[in-house]
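Participant: Dropping in query_1.cif, with mmCIF, C-alpha atoms and all ligand atoms.
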```
data_run
#
loop_
_atom_site.label_atom_id
_atom_site.label_comp_id
_atom_site.auth_asym_id
_atom_site.auth_seq_id
_atom_site.Cartn_x
_atom_site.Cartn_y
_atom_site.Cartn_z
CA MET A 36 13.47 -17.10 -2.37
CA ILE A 37 11.60 -18.76 0.46
CA GLY A 38 11.14 -22.42 -0.40
CA ASP A 39 10.46 -22.35 -4.14
CA GLN A 40 8.70 -18.99 -4.11
CA LYS A 41 9.93 -15.53 -4.84
CA VAL A 42 9.44 -12.99 -2.09
CA LEU A 43 7.07 -10.03 -2.31
CA PHE A 44 6.96 -7.14 0.14
CA SER A 45 4.48 -4.31 0.42
CA GLY A 46 3.05 -2.09 3.09
CA MET A 47 0.34 0.44 3.80
CA GLN A 48 -0.01 3.19 6.33
CA ALA A 49 -2.84 3.07 8.81
CA THR A 50 -3.43 6.80 8.62
CA GLY A 51 -6.53 8.29 7.06
CA ASN A 52 -9.56 6.37 5.90
CA LEU A 53 -8.74 3.89 3.17
CA THR A 54 -10.55 4.50 -0.08
CA LEU A 55 -11.93 2.49 -2.95
CA GLY A 56 -8.71 3.47 -4.75
CA ASN A 57 -6.59 1.71 -2.12
CA TYR A 58 -8.79 -1.35 -2.42
CA LEU A 59 -9.11 -1.67 -6.20
CA GLY A 60 -5.64 -0.31 -6.91
CA ALA A 61 -3.71 -2.28 -4.31
CA LEU A 62 -5.38 -4.53 -1.78
CA LYS A 63 -7.41 -6.52 -4.30
CA ASN A 64 -4.24 -7.31 -6.24
CA TRP A 65 -2.41 -8.26 -3.06
CA VAL A 66 -4.86 -11.11 -2.57
CA SER A 67 -4.17 -12.74 -5.92
CA LEU A 68 -0.39 -12.34 -5.55
CA THR A 69 -0.34 -14.63 -2.52
CA ASP A 70 -0.65 -17.70 -4.77
CA GLU A 71 2.50 -16.97 -6.66
CA TYR A 72 4.75 -15.31 -4.09
CA GLN A 73 5.71 -15.57 -0.46
CA CYS A 74 4.14 -12.29 0.57
CA PHE A 75 4.90 -9.99 3.48
CA TYR A 76 2.19 -7.35 3.93
CA CYS A 77 3.15 -4.88 6.59
CA VAL A 78 1.18 -2.25 8.48
CA VAL A 79 3.88 0.42 8.44
CA ASP A 80 3.11 2.13 11.72
CA GLU A 81 6.66 3.43 12.09
CA HIS A 82 6.29 5.44 8.91
CA SER A 83 3.11 6.98 10.28
CA ILE A 84 4.80 8.84 13.11
CA THR A 85 6.73 11.08 10.72
CA VAL A 86 3.53 13.11 11.06
CA ARG A 87 1.98 13.67 14.52
CA GLN A 88 -0.57 11.04 15.43
CA ASP A 89 -3.09 10.63 18.20
CA PRO A 90 -1.84 7.45 19.95
CA ALA A 91 -5.27 5.91 20.53
CA VAL A 92 -6.31 6.58 16.95
CA LEU A 93 -3.07 5.20 15.50
CA ARG A 94 -3.40 2.00 17.52
CA LYS A 95 -7.02 1.55 16.50
CA ARG A 96 -6.37 2.21 12.83
CA ALA A 97 -3.36 -0.08 12.72
CA ARG A 98 -5.50 -2.93 13.99
CA ALA A 99 -8.32 -2.03 11.64
CA LEU A 100 -5.92 -2.14 8.69
CA LEU A 101 -4.55 -5.53 9.63
CA THR A 102 -8.11 -6.78 10.00
CA LEU A 103 -8.95 -5.33 6.60
CA TYR A 104 -6.07 -7.24 5.00
CA ILE A 105 -7.70 -10.46 6.19
CA ALA A 106 -11.23 -9.33 5.34
CA ALA A 107 -10.08 -8.55 1.80
CA GLY A 108 -9.23 -12.21 1.41
CA ILE A 109 -5.53 -12.49 2.25
CA ASP A 110 -4.92 -15.79 4.00
CA PRO A 111 -2.86 -14.99 7.12
CA GLU A 112 -1.46 -18.53 7.14
CA LYS A 113 -0.06 -18.06 3.68
CA ALA A 114 1.01 -14.41 3.68
CA CYS A 115 2.70 -12.73 6.61
CA LEU A 116 0.55 -9.87 7.95
CA TYR A 117 2.21 -7.90 10.70
CA TYR A 118 3.03 -4.55 12.29
CA GLN A 119 6.35 -2.96 11.40
CA SER A 120 6.81 -1.89 15.05
CA HIS A 121 6.68 -5.53 16.20
CA VAL A 122 9.84 -6.35 14.29
CA SER A 123 12.70 -4.29 15.72
CA ALA A 124 14.98 -5.26 12.83
CA HIS A 125 13.24 -2.63 10.67
CA ALA A 126 14.48 0.24 12.80
CA GLU A 127 17.89 -1.36 13.29
CA LEU A 128 18.54 -1.92 9.61
CA ALA A 129 17.21 1.57 8.84
CA TRP A 130 19.90 3.02 11.10
CA ILE A 131 22.61 1.08 9.32
CA LEU A 132 21.30 2.06 5.89
CA ASN A 133 21.17 5.71 6.97
CA CYS A 134 24.94 5.49 7.05
CA PHE A 135 24.95 4.36 3.40
CA THR A 136 22.58 7.02 2.12
CA TYR A 137 23.51 10.56 1.11
CA MET A 138 21.76 13.74 2.15
CA GLY A 139 21.73 14.80 -1.48
CA GLU A 140 19.78 11.70 -2.48
CA MET A 141 17.14 12.26 0.15
CA ASN A 142 16.90 15.94 -0.73
CA ARG A 143 15.74 14.97 -4.20
CA MET A 144 12.77 12.90 -3.00
CA THR A 145 9.63 14.55 -4.31
CA GLN A 146 7.45 13.14 -1.52
CA PHE A 147 9.75 14.72 1.07
CA LYS A 148 9.44 18.06 -0.67
CA ASP A 149 5.63 17.75 -0.82
CA LYS A 150 5.31 16.64 2.78
CA SER A 151 7.66 19.32 4.11
CA ALA A 152 5.55 21.93 2.38
CA LYS A 153 2.42 20.44 3.92
CA HIS A 154 3.84 20.02 7.43
CA ALA A 155 6.10 23.08 7.51
CA ASP A 156 5.89 23.22 11.31
CA ASN A 157 7.26 19.69 11.72
CA ILE A 158 9.96 18.88 9.18
CA ASN A 159 11.60 16.19 11.28
CA VAL A 160 14.55 13.93 10.52
CA GLY A 161 12.19 10.95 10.34
CA LEU A 162 10.32 12.55 7.47
CA PHE A 163 13.62 13.11 5.71
CA ALA A 164 14.82 9.53 6.29
CA TYR A 165 11.44 7.96 5.49
CA PRO A 166 12.70 6.31 2.27
CA VAL A 167 15.56 4.66 4.15
CA LEU A 168 13.14 2.97 6.53
CA MET A 169 11.20 1.86 3.49
CA ALA A 170 14.40 0.44 2.00
CA ALA A 171 15.00 -1.46 5.25
CA ASP A 172 11.45 -2.89 5.09
CA ILE A 173 12.03 -4.28 1.64
CA LEU A 174 15.66 -5.42 1.95
CA LEU A 175 15.16 -7.23 5.27
CA TYR A 176 13.02 -9.84 3.56
CA GLN A 177 15.21 -10.10 0.45
CA ALA A 178 12.15 -9.14 -1.56
CA ASP A 179 12.24 -9.84 -5.29
CA ILE A 180 9.24 -7.71 -6.10
CA VAL A 181 7.42 -4.79 -4.56
CA PRO A 182 3.98 -3.71 -5.73
CA VAL A 183 3.81 0.05 -5.35
CA GLY A 184 1.91 2.97 -6.79
CA ASN A 185 3.59 5.52 -9.02
CA ASP A 186 4.09 7.85 -6.08
CA GLN A 187 6.41 5.31 -4.46
CA LEU A 188 8.54 4.42 -7.49
CA GLN A 189 11.19 6.96 -6.57
CA HIS A 190 11.52 5.36 -3.13
CA LEU A 191 11.92 1.96 -4.71
CA GLU A 192 14.58 3.32 -7.02
CA ILE A 193 16.56 4.66 -4.05
CA THR A 194 16.13 1.30 -2.29
CA ARG A 195 17.79 -0.36 -5.25
CA ASP A 196 20.60 2.21 -5.22
CA ILE A 197 21.26 1.71 -1.51
CA ALA A 198 21.20 -2.09 -1.88
CA GLU A 199 23.60 -2.01 -4.82
CA ARG A 200 25.93 0.34 -2.99
CA PHE A 201 25.97 -1.97 0.01
CA ASN A 202 26.48 -5.08 -2.12
CA ASN A 203 29.37 -3.43 -3.95
CA ILE A 204 31.19 -3.02 -0.68
CA TYR A 205 30.26 -6.20 1.17
CA GLY A 206 29.33 -8.77 -1.45
CA ASP A 207 25.90 -10.15 -2.26
CA VAL A 208 23.97 -9.31 0.87
CA PHE A 209 20.71 -7.91 -0.49
CA THR A 210 18.40 -9.04 -3.27
CA ILE A 211 17.79 -6.12 -5.64
CA PRO A 212 14.01 -5.61 -5.70
CA GLU A 213 11.96 -4.92 -8.82
CA PRO A 214 8.82 -2.79 -8.85
CA TYR A 215 5.64 -4.67 -9.64
CA ILE A 216 3.16 -2.79 -11.76
CA GLY A 217 -0.22 -4.52 -11.57
CA LYS A 218 -1.75 -5.97 -14.74
CA THR A 219 -5.10 -4.42 -13.94
CA GLY A 220 -3.54 -0.99 -13.49
CA ALA A 221 -6.63 0.24 -11.71
CA ARG A 222 -5.77 3.86 -11.10
CA ILE A 223 -8.89 5.22 -9.49
CA MET A 224 -9.34 8.97 -9.75
CA SER A 225 -11.15 11.51 -7.58
CA LEU A 226 -14.91 11.68 -8.16
CA GLN A 227 -14.78 15.46 -7.92
CA ASP A 228 -11.64 16.09 -9.97
CA PRO A 229 -10.94 13.14 -12.28
CA GLY A 230 -7.58 14.71 -13.12
CA LYS A 231 -6.14 13.64 -9.78
CA LYS A 232 -5.88 10.37 -7.90
CA MET A 233 -8.53 9.37 -5.37
CA SER A 234 -6.79 10.07 -2.08
CA LYS A 235 -7.51 9.32 1.54
CA SER A 236 -6.26 12.78 2.44
CA ASP A 237 -8.59 14.66 0.07
CA GLU A 238 -10.36 17.44 1.94
CA ASN A 239 -13.58 16.98 0.00
CA PRO A 240 -15.33 13.83 1.32
CA ASN A 241 -17.33 13.59 -1.91
CA ALA A 242 -14.14 13.05 -3.88
CA SER A 243 -13.47 9.62 -2.39
CA ILE A 244 -15.42 6.49 -1.63
CA TYR A 245 -14.25 5.26 1.76
CA LEU A 246 -14.18 1.52 2.28
CA MET A 247 -16.55 1.86 5.22
CA ASP A 248 -19.11 4.09 3.42
CA ASP A 249 -22.64 2.70 3.52
CA ARG A 250 -24.73 2.10 0.41
CA ASP A 251 -26.64 5.39 0.59
CA THR A 252 -23.43 7.38 0.90
CA ILE A 253 -21.87 5.50 -2.00
CA MET A 254 -24.91 6.09 -4.23
CA ARG A 255 -24.99 9.77 -3.32
CA LYS A 256 -21.29 10.27 -4.04
CA PHE A 257 -21.54 8.62 -7.44
CA LYS A 258 -24.63 10.66 -8.26
CA ARG A 259 -22.58 13.80 -7.61
CA ALA A 260 -19.51 12.57 -9.47
CA VAL A 261 -18.13 15.15 -11.88
CA THR A 262 -18.55 14.18 -15.54
CA ASP A 263 -18.78 16.41 -18.63
CA SER A 264 -21.30 17.81 -21.07
CA GLU A 265 -20.54 15.48 -23.98
CA ALA A 266 -23.57 13.34 -23.13
CA GLN A 267 -22.05 10.17 -24.54
CA ILE A 268 -20.61 7.16 -22.79
CA VAL A 269 -17.27 6.67 -24.50
CA TYR A 270 -13.98 5.47 -23.04
CA ARG A 271 -11.48 8.15 -23.95
CA GLU A 272 -9.00 10.57 -22.47
CA GLU A 273 -11.11 13.63 -23.25
CA GLN A 274 -13.80 12.39 -20.84
CA PRO A 275 -11.81 11.61 -17.69
CA GLY A 276 -14.85 11.54 -15.40
CA ILE A 277 -16.71 8.99 -17.51
CA ARG A 278 -13.53 7.02 -18.04
CA ASN A 279 -12.99 6.83 -14.29
CA LEU A 280 -16.54 5.54 -13.75
CA ILE A 281 -15.97 2.90 -16.43
CA ASP A 282 -12.63 1.93 -14.85
CA ILE A 283 -14.26 1.50 -11.46
CA TYR A 284 -17.05 -0.57 -12.99
CA CYS A 285 -14.54 -2.76 -14.86
CA SER A 286 -12.41 -3.24 -11.79
CA CYS A 287 -15.39 -4.43 -9.73
CA THR A 288 -16.96 -6.64 -12.40
CA GLY A 289 -14.00 -7.89 -14.43
CA LYS A 290 -15.56 -6.50 -17.60
CA THR A 291 -13.55 -4.66 -20.25
CA PRO A 292 -14.15 -0.99 -21.12
CA ASP A 293 -15.47 -2.07 -24.56
CA GLU A 294 -18.06 -4.31 -22.97
CA VAL A 295 -19.16 -1.53 -20.65
CA VAL A 296 -19.44 0.99 -23.47
CA ARG A 297 -21.67 -1.47 -25.36
CA GLU A 298 -23.72 -2.19 -22.24
CA PHE A 299 -24.50 1.52 -21.86
CA ASP A 300 -24.98 2.29 -25.52
CA GLY A 301 -27.72 4.92 -25.83
CA LYS A 302 -28.05 5.33 -22.06
CA GLY A 303 -27.45 8.43 -19.97
CA TYR A 304 -24.87 9.37 -17.37
CA GLY A 305 -27.45 8.92 -14.60
CA GLU A 306 -27.85 5.25 -15.45
CA LEU A 307 -24.11 4.68 -15.56
CA LYS A 308 -23.65 6.37 -12.19
CA THR A 309 -26.39 4.27 -10.62
CA ALA A 310 -24.94 1.06 -12.00
CA VAL A 311 -21.43 1.90 -10.84
CA GLY A 312 -22.71 2.93 -7.41
CA GLU A 313 -24.59 -0.33 -7.00
CA THR A 314 -21.66 -2.45 -8.14
CA VAL A 315 -19.34 -0.66 -5.74
CA ALA A 316 -21.80 -1.07 -2.87
CA ASP A 317 -22.16 -4.76 -3.75
CA THR A 318 -18.37 -5.07 -3.62
CA LEU A 319 -17.90 -3.19 -0.36
CA THR A 320 -20.85 -4.50 1.66
CA PRO A 321 -19.48 -8.06 2.03
CA LEU A 322 -16.05 -6.62 2.81
CA GLN A 323 -17.55 -4.48 5.56
CA GLU A 324 -19.43 -7.48 6.93
CA ARG A 325 -16.24 -9.52 7.11
CA VAL A 326 -14.44 -6.66 8.87
CA ALA A 327 -17.27 -6.46 11.41
CA ALA A 328 -17.26 -10.21 12.04
CA LEU A 329 -13.47 -10.43 12.30
CA SER A 330 -13.31 -7.44 14.62
CA LYS A 331 -15.45 -9.34 17.10
CA ASP A 332 -13.05 -12.26 17.15
CA LYS A 333 -10.32 -10.72 19.26
CA ALA A 334 -8.55 -13.99 20.07
CA TYR A 335 -8.28 -14.94 16.40
CA ILE A 336 -6.78 -11.60 15.34
CA ASP A 337 -4.46 -11.59 18.36
CA GLY A 338 -3.20 -15.03 17.37
CA ILE A 339 -2.42 -13.86 13.86
CA ILE A 340 -0.63 -10.78 15.15
CA LYS A 341 1.54 -12.88 17.45
CA ASN A 342 2.37 -15.71 15.03
CA ASN A 343 3.04 -13.50 12.06
CA ALA A 344 5.23 -11.10 14.05
CA GLU A 345 7.35 -14.11 15.02
CA LYS A 346 7.50 -15.32 11.45
CA ALA A 347 8.53 -11.86 10.21
CA GLN A 348 11.14 -11.57 12.98
CA TYR A 349 12.67 -14.86 11.93
CA PHE A 350 13.25 -13.79 8.32
CA ALA A 351 14.16 -10.19 9.19
CA ASN A 352 16.70 -11.18 11.84
CA LYS A 353 18.40 -13.56 9.44
CA THR A 354 19.21 -10.65 7.13
CA LEU A 355 19.99 -8.25 9.96
CA ARG A 356 22.54 -10.61 11.56
CA LYS A 357 24.25 -11.05 8.23
CA VAL A 358 24.44 -7.28 7.71
CA GLN A 359 25.72 -6.69 11.24
CA HIS A 360 28.44 -9.24 10.74
CA LYS A 361 29.47 -7.80 7.37
CA ILE A 362 29.88 -4.29 8.69
CA GLY A 363 31.96 -5.46 11.63
CA PHE A 364 29.65 -5.52 14.63
CA PRO A 365 30.77 -8.16 17.16
CA ASP A 366 28.92 -11.46 16.70
CA ARG A 367 26.48 -12.47 19.37
CA ILE A 368 27.55 -15.12 21.86
CA ARG A 369 25.01 -17.95 21.82
N1 LIG A 401 5.60 4.44 1.75
C1 LIG A 401 4.56 3.55 1.32
C2 LIG A 401 3.29 4.36 1.04
O1 LIG A 401 3.07 5.36 1.69
C3 LIG A 401 4.27 2.50 2.34
C4 LIG A 401 5.44 1.61 2.52
C5 LIG A 401 6.30 1.61 3.57
C6 LIG A 401 5.87 0.62 1.62
N2 LIG A 401 7.24 0.65 3.40
C7 LIG A 401 7.02 0.03 2.21
C8 LIG A 401 5.40 0.17 0.37
C9 LIG A 401 7.72 -0.97 1.56
C10 LIG A 401 6.11 -0.83 -0.26
C11 LIG A 401 7.25 -1.40 0.32
O2 LIG A 401 2.51 3.96 0.22
#
```
Starting from the file, give its structure as structure tokens.
Facilitator:
Amino acid sequence: MIGDQKVLFSGMQATGNLTLGNYLGALKNWVSLTDEYQCFYCVVDEHSITVRQDPAVLRKRARALLTLYIAAGIDPEKACLYYQSHVSAHAELAWILNCFTYMGEMNRMTQFKDKSAKHADNINVGLFAYPVLMAADILLYQADIVPVGNDQLQHLEITRDIAERFNNIYGDVFTIPEPYIGKTGARIMSLQDPGKKMSKSDENPNASIYLMDDRDTIMRKFKRAVTDSEAQIVYREEQPGIRNLIDIYCSCTGKTPDEVVREFDGKGYGELKTAVGETVADTLTPLQERVAALSKDKAYIDGIIKNNAEKAQYFANKTLRKVQHKIGFPDRIR
């Protein structure tokens, strides 16, 4: 708890171009959660270097992501928006937690297996220990809840295991975090293969709407979206392409699938695609305009980066000092 609010932690990587899926599935929910929780939203740049990065690109994207958090509507006075690398406690706690995590546990992580297959030439120790750094992120702030996608649930589970193991030895040091599954479970699928999630690392650019796509590009991608030959606008599992379009439309407008099905009664796929494309463009255009305006205000963004890093350091160091004392490191002389 901070004051009378529960604590929420989440983070995103600044690698790849963020997609509509990242926005509707995560970022949009992050905004509304700031009323109820004391939120820490981190740009997890330390996680990004488990895969080789171009330094200039990483720096630029990290700043763009932090700017996007604000442009999406997160109030940086209310929520703490910061870079993981600006708070050294993340790396320090990760080291300590490494010593409370078993090789066997990490070997079971499905993301590690996937990523090692994909980056077979660079299976580094950081990639292996990635979930431990993630555990440190969460536990440093004594987070009660963590909004994550399905792909990260296993990492959250291991975070809970590590925290419980530590608490069993040293007493109640860490809050045990719960996953937060959004109410509007907007799981946005690929436009080219509605059987898989829209992903920023998809090789086919037509599969994803990128947050910075212009209106023409958005309209073109929706026009090409894969549907089916049923020729009826119904919300059901057997028509995953149509269902995805309806989900996107609902997520942007707040309508329910039933309402959308009625709205398009007797109409064709072309009309649905045009309507969804326009709604998405109407959603993203103001977001892009806010990003552009904020990007010009260097002093404002710099101020947020500095103040929020200090705020994050304050809370993170409180936990880190407690942990260091518990495990027997000599106290600091003040
Ligand atoms: N691993 C997460 C992802 O790729 C990002 C992340 C890092 C994260 N640390 C976190 C998410 C802590 C939630 C909480 O999506």
Participant: Nearest to Val42 in chain A: which of A:Asn342, A:Gln267, A:Gln177, A:Thr291 is it, counting only C-alpha atoms?
Facilitator: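 Closest to Val42 in chain A of all the choices is A:Gln177.
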Participant: Please, what is the axis-aligned box for every listed atom of ligand LIG 401 (chain A) with 4 Å on each side, as centre and edge lengths in Å to one decimal, as JSON?
Facilitator:
```
{"center_x": 5.1, "center_y": 2.0, "center_z": 1.7, "size_x": 13.2, "size_y": 14.8, "size_z": 11.8}
```
Participant: In Å, how far is it from CA of Leu188 in chain A to CA of Asn133 in chain A?
Facilitator: 19.2 Å
Participant: May I ask for the distance between CA of Pro182 in chain A and CA of Asp228 in chain A, given in Å to one decimal place?
Facilitator: 25.6 Å
Participant: Residues at most 6 Å from ligand LIG 401 (chain A), using all atoms listed in the file? Could they come as a PyMOL selection string?
Facilitator: chain A and resi 44-48+79+169+172-173+181+183
Participant: Using all atoms listed in the file, which residue out of A:Tyr118, A:Phe147, A:Tyr349, A:Phe299 lies closest to Glu81 in chain A?
Facilitator: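 So, comparing all the options, the nearest one is A:Tyr118.
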Participant: Counting all atoms listed in the file, which residues sit no farther than 8 Å from the position (2.6, -17.9, 5.5) in the file's frame? I'd like them as a PyMOL selection string.
Facilitator: chain A and resi 73-74+110-115+343
Participant: With all atoms listed in the file as the counted atoms, please give the residues lying no more than 6 Å from range 85-96 of chain A, apart from itself and same-chain residues fewer than 3 positions off, as an MDAnalysis selection string.
Facilitator: chainID A and resid 49 82 99 161:162
Participant: To one decimal place in Å, what is the distance between CA of Tyr117 in chain A and CA of Ala347 in chain A?
Facilitator: 7.5 Å
Participant: Between A:Lys341, A:Lys333, A:His360, A:Lys41, single out the one closest to Tyr176 in chain A, counting all atoms listed in the file.
Facilitator: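 Nearest candidate to Tyr176 in chain A out of A:Lys341, A:Lys333, A:His360, A:Lys41: A:Lys41.
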Participant: Counting only C-alpha atoms, figure out which residue out of A:Val315, A:Leu246, A:Leu226, A:Ile340 gets nearest to Leu62 in chain A.
Facilitator: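 Looking only at the distances to Leu62 in chain A, the closest residue turns out to be A:Leu246.
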Participant: List every protein, DNA or RNA residue that has an atom no more than 8 Å from (-15.5, -8.0, 3.7) in the file's coordinate frame, counting all atoms listed in the file, and report them as a PyMOL selection string.
Facilitator: chain A and resi 103+106-108+319-326
Participant: So that I can check the surroundings of Cys285 in chain A, please list as a list in words every protein, DNA and RNA residue that reaches within 12 Å of it, counting only C-alpha atoms and ignoring chain neighbours fewer than 6 positions away.
Facilitator: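 Here the qualifying residues turn out to be Leu59, Thr219, Gly220, Ala221, Arg222, Ile223, Tyr270, Arg278, Asn279, Thr291, Pro292, Asp293, Glu294, Val295, Val296, Glu298, Ala310, Val311, Thr314 and Val315 of chain A.
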Participant: Show which residues sit within 12 Å of Glu238 in chain A, as a PyMOL selection string. Count only C-alpha atoms, and ignore same-chain residues fewer than 2 positions away.
Facilitator: chain A and resi 51-52+225+227+233-236+240-243
Participant: When distances are computed from only C-alpha atoms, which of A:Asp237, A:Glu140, A:Asp196, A:Asp251 shows the smallest separation from Leu53 in chain A?
Facilitator: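 So, comparing all the options, the nearest one is A:Asp237.
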Participant: When distances are computed from all atoms listed in the file, which of A:Ile109, A:Met254, A:Phe75, A:Ile339 shows the smallest separation from Ile37 in chain A?
Facilitator: A:Phe75
